[in-house]
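As structure tokens, the structure follows; a few thoughts come after it.
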Amino acid sequence: MIHNRRIFSQRRLHAATIASLSLVGASIFALLVAWWTQHIRGVVPCELCFIERWPWRVALAAGLIGLLLPGLSVVTIALGLFALLVSVLLSVLHSGVEFGLWPSPFPSCHAPVLSIGSITQRLASMPMQAAKPCDAPTFLFDWLPVSMTTLGGFFAFIVMLFIIYPLNRRR
């Protein structure tokens with residue numbers, strides 16, 4: 001006797017919808033907090049801060065595509081989880097720079113080296129815009145001595161767990 005097995009059961013579609021909504025909601029929240037901090041509070045972000053926003057944009061796009069095209073939900077959720085993993089890894093990288101464990105990989109986060117060359121060469125080696133150094137942490141709350149970078153990585157990790165748990169629960 002042959003049993004028809006559904007590839008997408010009602011429970012899977014429900015978990016996929018929750019995962020896509022979680023990606024969209026968490027991404028909008030993270031990007032709004034970054035926007036609010038930069039434009040309302042007037043905190044100048046560093047180069048790593050700008051790069052840390054990209055995984056959230058990818059997760060937002062993946063969540064929206066997952067909601068609009070439920071047939072691609074497995075791919076979009078995987079892409080969203082990968083973007084969140086990248087966000088966590090970037091947070092670890094940036095937190096290490098803030099704690100002085102390693103230097104930033106971006107030259108705009110370093111002071112220019114002025115030991116060689118002429119004045120023209122020295123001026124040419126300087127960045128075009130003054131930026132906040134990557135090793136200067138930004139604190140979202142005065143009462144919480146945890147940088148926005150660390151909070152962002154922790155938030156991405158919690159969102160990952162929130163998405164993975166319902167997907168694994170169906171098994």
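Letters A, B, ... go to the chains of the structure tokens in the order shown; residues in each chain start at 1; ligands are counted from 1 in the same order.
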Exercise for review: For A:Ile28, list every protein, DNA or RNA residue within 12 Å, evaluated using only C-alpha atoms, and leave out those in the same chain fewer than 4 positions away; present the list as an MDAnalysis selection string.
Suggested key: chainID A and resid 21:24 32:36 53 55:61 63:64
Selection export as a short mmCIF file (atom, residue, chain, number, x, y, z; two decimals), in the first residue's frame, atoms kept: N, CA and C atoms:
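Result file follows (result-v1.cif):
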```
data_model
loop_
_atom_site.label_atom_id
_atom_site.label_comp_id
_atom_site.auth_asym_id
_atom_site.auth_seq_id
_atom_site.Cartn_x
_atom_site.Cartn_y
_atom_site.Cartn_z
N LEU A 21 8.42 35.39 9.26
CA LEU A 21 7.98 36.58 10.00
C LEU A 21 9.02 37.00 11.04
N SER A 22 9.67 36.03 11.66
CA SER A 22 10.72 36.34 12.64
C SER A 22 11.89 37.03 11.97
N LEU A 23 12.27 36.56 10.79
CA LEU A 23 13.36 37.21 10.06
C LEU A 23 13.01 38.64 9.71
N VAL A 24 11.79 38.85 9.23
CA VAL A 24 11.36 40.20 8.84
C VAL A 24 11.30 41.11 10.07
N LEU A 32 16.16 49.46 12.44
CA LEU A 32 15.60 50.68 13.03
C LEU A 32 16.41 51.16 14.22
N VAL A 33 16.90 50.24 15.03
CA VAL A 33 17.75 50.63 16.16
C VAL A 33 19.03 51.28 15.64
N ALA A 34 19.62 50.72 14.59
CA ALA A 34 20.84 51.31 14.01
C ALA A 34 20.53 52.69 13.43
N TRP A 35 19.41 52.81 12.73
CA TRP A 35 19.03 54.10 12.16
C TRP A 35 18.79 55.13 13.27
N TRP A 36 18.06 54.73 14.31
CA TRP A 36 17.75 55.63 15.43
C TRP A 36 19.04 56.09 16.13
N ARG A 53 25.43 45.87 9.31
CA ARG A 53 24.03 46.05 8.91
C ARG A 53 23.65 45.18 7.72
N PRO A 55 24.11 41.89 6.91
CA PRO A 55 23.40 40.62 7.14
C PRO A 55 21.93 40.81 7.52
N TRP A 56 21.63 41.90 8.21
CA TRP A 56 20.23 42.16 8.56
C TRP A 56 19.42 42.49 7.32
N ARG A 57 20.03 43.18 6.37
CA ARG A 57 19.33 43.48 5.11
C ARG A 57 19.06 42.20 4.33
N VAL A 58 20.05 41.31 4.31
CA VAL A 58 19.87 40.02 3.63
C VAL A 58 18.79 39.20 4.32
N ALA A 59 18.79 39.18 5.65
CA ALA A 59 17.78 38.43 6.40
C ALA A 59 16.38 39.02 6.14
N LEU A 60 16.28 40.33 6.04
CA LEU A 60 15.00 40.97 5.75
C LEU A 60 14.50 40.54 4.37
N ALA A 61 15.38 40.59 3.38
CA ALA A 61 14.99 40.18 2.02
C ALA A 61 14.60 38.70 2.00
N GLY A 63 13.40 36.89 4.48
CA GLY A 63 12.12 36.73 5.15
C GLY A 63 10.95 37.19 4.28
N LEU A 64 11.13 38.31 3.59
CA LEU A 64 10.07 38.81 2.71
C LEU A 64 9.81 37.85 1.55
#
```
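The coordinates place atom CA of A:His14 at 12.3 Å from atom CA of A:Val74.
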Exercise for review: Measuring atom to atom with only C-alpha atoms, identify which of A:Leu144, A:Ile163, A:Ile51, A:Val92 is nearest to A:Ala16.
Suggested key: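 Among the listed residues, A:Ile163 lies closest to A:Ala16.
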Contacts of stretch 48-124 of chain A with stretch 134-140 of chain A up to 8 Å, shortest pair per row, only C-alpha atoms, as JSON lines:
```
{"residue": "A:Leu48", "atom": "CA", "partner": "A:Cys134", "partner_atom": "CA", "distance": 6.5}
{"residue": "A:Cys49", "atom": "CA", "partner": "A:Cys134", "partner_atom": "CA", "distance": 7.9}
{"residue": "A:His94", "atom": "CA", "partner": "A:Cys134", "partner_atom": "CA", "distance": 7.3}
{"residue": "A:Val97", "atom": "CA", "partner": "A:Asp135", "partner_atom": "CA", "distance": 5.3}
{"residue": "A:Glu98", "atom": "CA", "partner": "A:Asp135", "partner_atom": "CA", "distance": 4.0}
{"residue": "A:Phe99", "atom": "CA", "partner": "A:Asp135", "partner_atom": "CA", "distance": 7.2}
{"residue": "A:Gly100", "atom": "CA", "partner": "A:Asp135", "partner_atom": "CA", "distance": 7.1}
{"residue": "A:Ser104", "atom": "CA", "partner": "A:Cys134", "partner_atom": "CA", "distance": 6.8}
{"residue": "A:Cys109", "atom": "CA", "partner": "A:Cys134", "partner_atom": "CA", "distance": 5.3}
```
Restricting it to all heavy atoms, dump the selection as a tab-separated table (two decimals), in the first residue's frame.
```tsv
chain	number	residue	atom	x	y	z
A	48	LEU	N	33.07	49.01	10.56
A	48	LEU	CA	32.52	47.71	10.93
A	48	LEU	C	31.02	47.79	11.25
A	48	LEU	O	30.28	46.86	10.96
A	48	LEU	CB	33.28	47.13	12.12
A	48	LEU	CG	34.59	46.43	11.80
A	48	LEU	CD1	35.35	46.10	13.07
A	48	LEU	CD2	34.34	45.17	11.00
A	49	CYS	N	30.60	48.90	11.84
A	49	CYS	CA	29.17	49.08	12.14
A	49	CYS	C	28.35	49.06	10.85
A	49	CYS	O	27.27	48.47	10.80
A	49	CYS	CB	28.94	50.38	12.89
A	49	CYS	SG	29.66	50.45	14.53
A	94	HIS	N	33.96	42.38	15.68
A	94	HIS	CA	33.94	43.77	16.13
A	94	HIS	C	34.14	43.87	17.65
A	94	HIS	O	34.83	44.77	18.13
A	94	HIS	CB	32.62	44.42	15.72
A	94	HIS	CG	32.63	45.90	15.78
A	94	HIS	ND1	31.61	46.65	15.29
A	94	HIS	CD2	33.52	46.79	16.28
A	94	HIS	CE1	31.86	47.94	15.47
A	94	HIS	NE2	33.02	48.05	16.08
A	97	VAL	N	37.72	43.62	18.41
A	97	VAL	CA	38.39	44.89	18.12
A	97	VAL	C	38.14	45.87	19.28
A	97	VAL	O	39.06	46.55	19.74
A	97	VAL	CB	37.93	45.48	16.78
A	97	VAL	CG1	38.45	46.89	16.58
A	97	VAL	CG2	38.37	44.59	15.62
A	98	GLU	N	36.90	45.91	19.77
A	98	GLU	CA	36.57	46.82	20.87
A	98	GLU	C	37.33	46.46	22.15
A	98	GLU	O	37.74	47.34	22.89
A	98	GLU	CB	35.06	46.78	21.15
A	98	GLU	CG	34.24	47.46	20.10
A	98	GLU	CD	32.75	47.39	20.37
A	98	GLU	OE1	32.31	46.61	21.26
A	98	GLU	OE2	32.01	48.11	19.69
A	99	PHE	N	37.50	45.17	22.41
A	99	PHE	CA	38.22	44.73	23.61
A	99	PHE	C	39.74	44.74	23.43
A	99	PHE	O	40.47	44.42	24.35
A	99	PHE	CB	37.77	43.33	24.03
A	99	PHE	CG	36.40	43.29	24.63
A	99	PHE	CD1	35.39	42.56	24.04
A	99	PHE	CD2	36.12	43.98	25.80
A	99	PHE	CE1	34.13	42.51	24.59
A	99	PHE	CE2	34.86	43.94	26.37
A	99	PHE	CZ	33.86	43.21	25.76
A	100	GLY	N	40.21	45.07	22.24
A	100	GLY	CA	41.64	45.13	21.99
A	100	GLY	C	42.29	43.77	21.78
A	100	GLY	O	43.51	43.63	21.93
A	104	SER	N	41.42	45.92	13.81
A	104	SER	CA	40.36	45.88	12.81
A	104	SER	C	40.94	45.52	11.44
A	104	SER	O	42.04	45.93	11.10
A	104	SER	CB	39.69	47.25	12.72
A	104	SER	OG	38.76	47.27	11.66
A	109	CYS	N	39.63	52.07	9.97
A	109	CYS	CA	39.52	52.00	11.43
A	109	CYS	C	40.86	52.26	12.12
A	109	CYS	O	40.94	52.24	13.35
A	109	CYS	CB	39.01	50.62	11.86
A	109	CYS	SG	37.30	50.32	11.36
```
Review point. Could you work out how far atom CA of A:Ser91 lies from atom CA of A:Thr150, giving the answer in Å with one decimal?
Key: 6.1 Å
Check your understanding: Which residues in stretch 30-114 of chain A does DSSP call helix (DSSP H, G or I)? List them as a PyMOL selection string.
Key -> chain A and resi 30-40+47-52+54-68+70-98+107-109
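Between A:Ser20 and the residues A:Leu151, A:Leu101, A:Ile40, A:Ile164, the shortest atom-to-atom distance, using only C-alpha atoms, involves A:Ile164.
Closest to A:Pro133 among A:Gly71, A:Gly152, A:Gly25, A:Pro107 is A:Pro107, based on only C-alpha atoms.
Closest approach to A:Ser95 among A:Met148, A:Leu161, A:Ala30, A:Ala15 is made by A:Met148 (distances from only C-alpha atoms).
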Study note, to complete from the structure: note - atom CA of A:Ile77 and atom CA of A:Gly153 are separated by 18.5 Å
Point to revise | Residue among A:Trp143, A:Phe29, A:Phe106, A:Trp54 lying closest to A:Val86, counting only C-alpha atoms | key: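 Ranking A:Trp143, A:Phe29, A:Phe106, A:Trp54 by distance to A:Val86, first place goes to A:Trp54.
Closest to A:Thr17 among A:Pro105, A:Val159, A:Asn168, A:Thr76 is A:Thr76, based on only C-alpha atoms.
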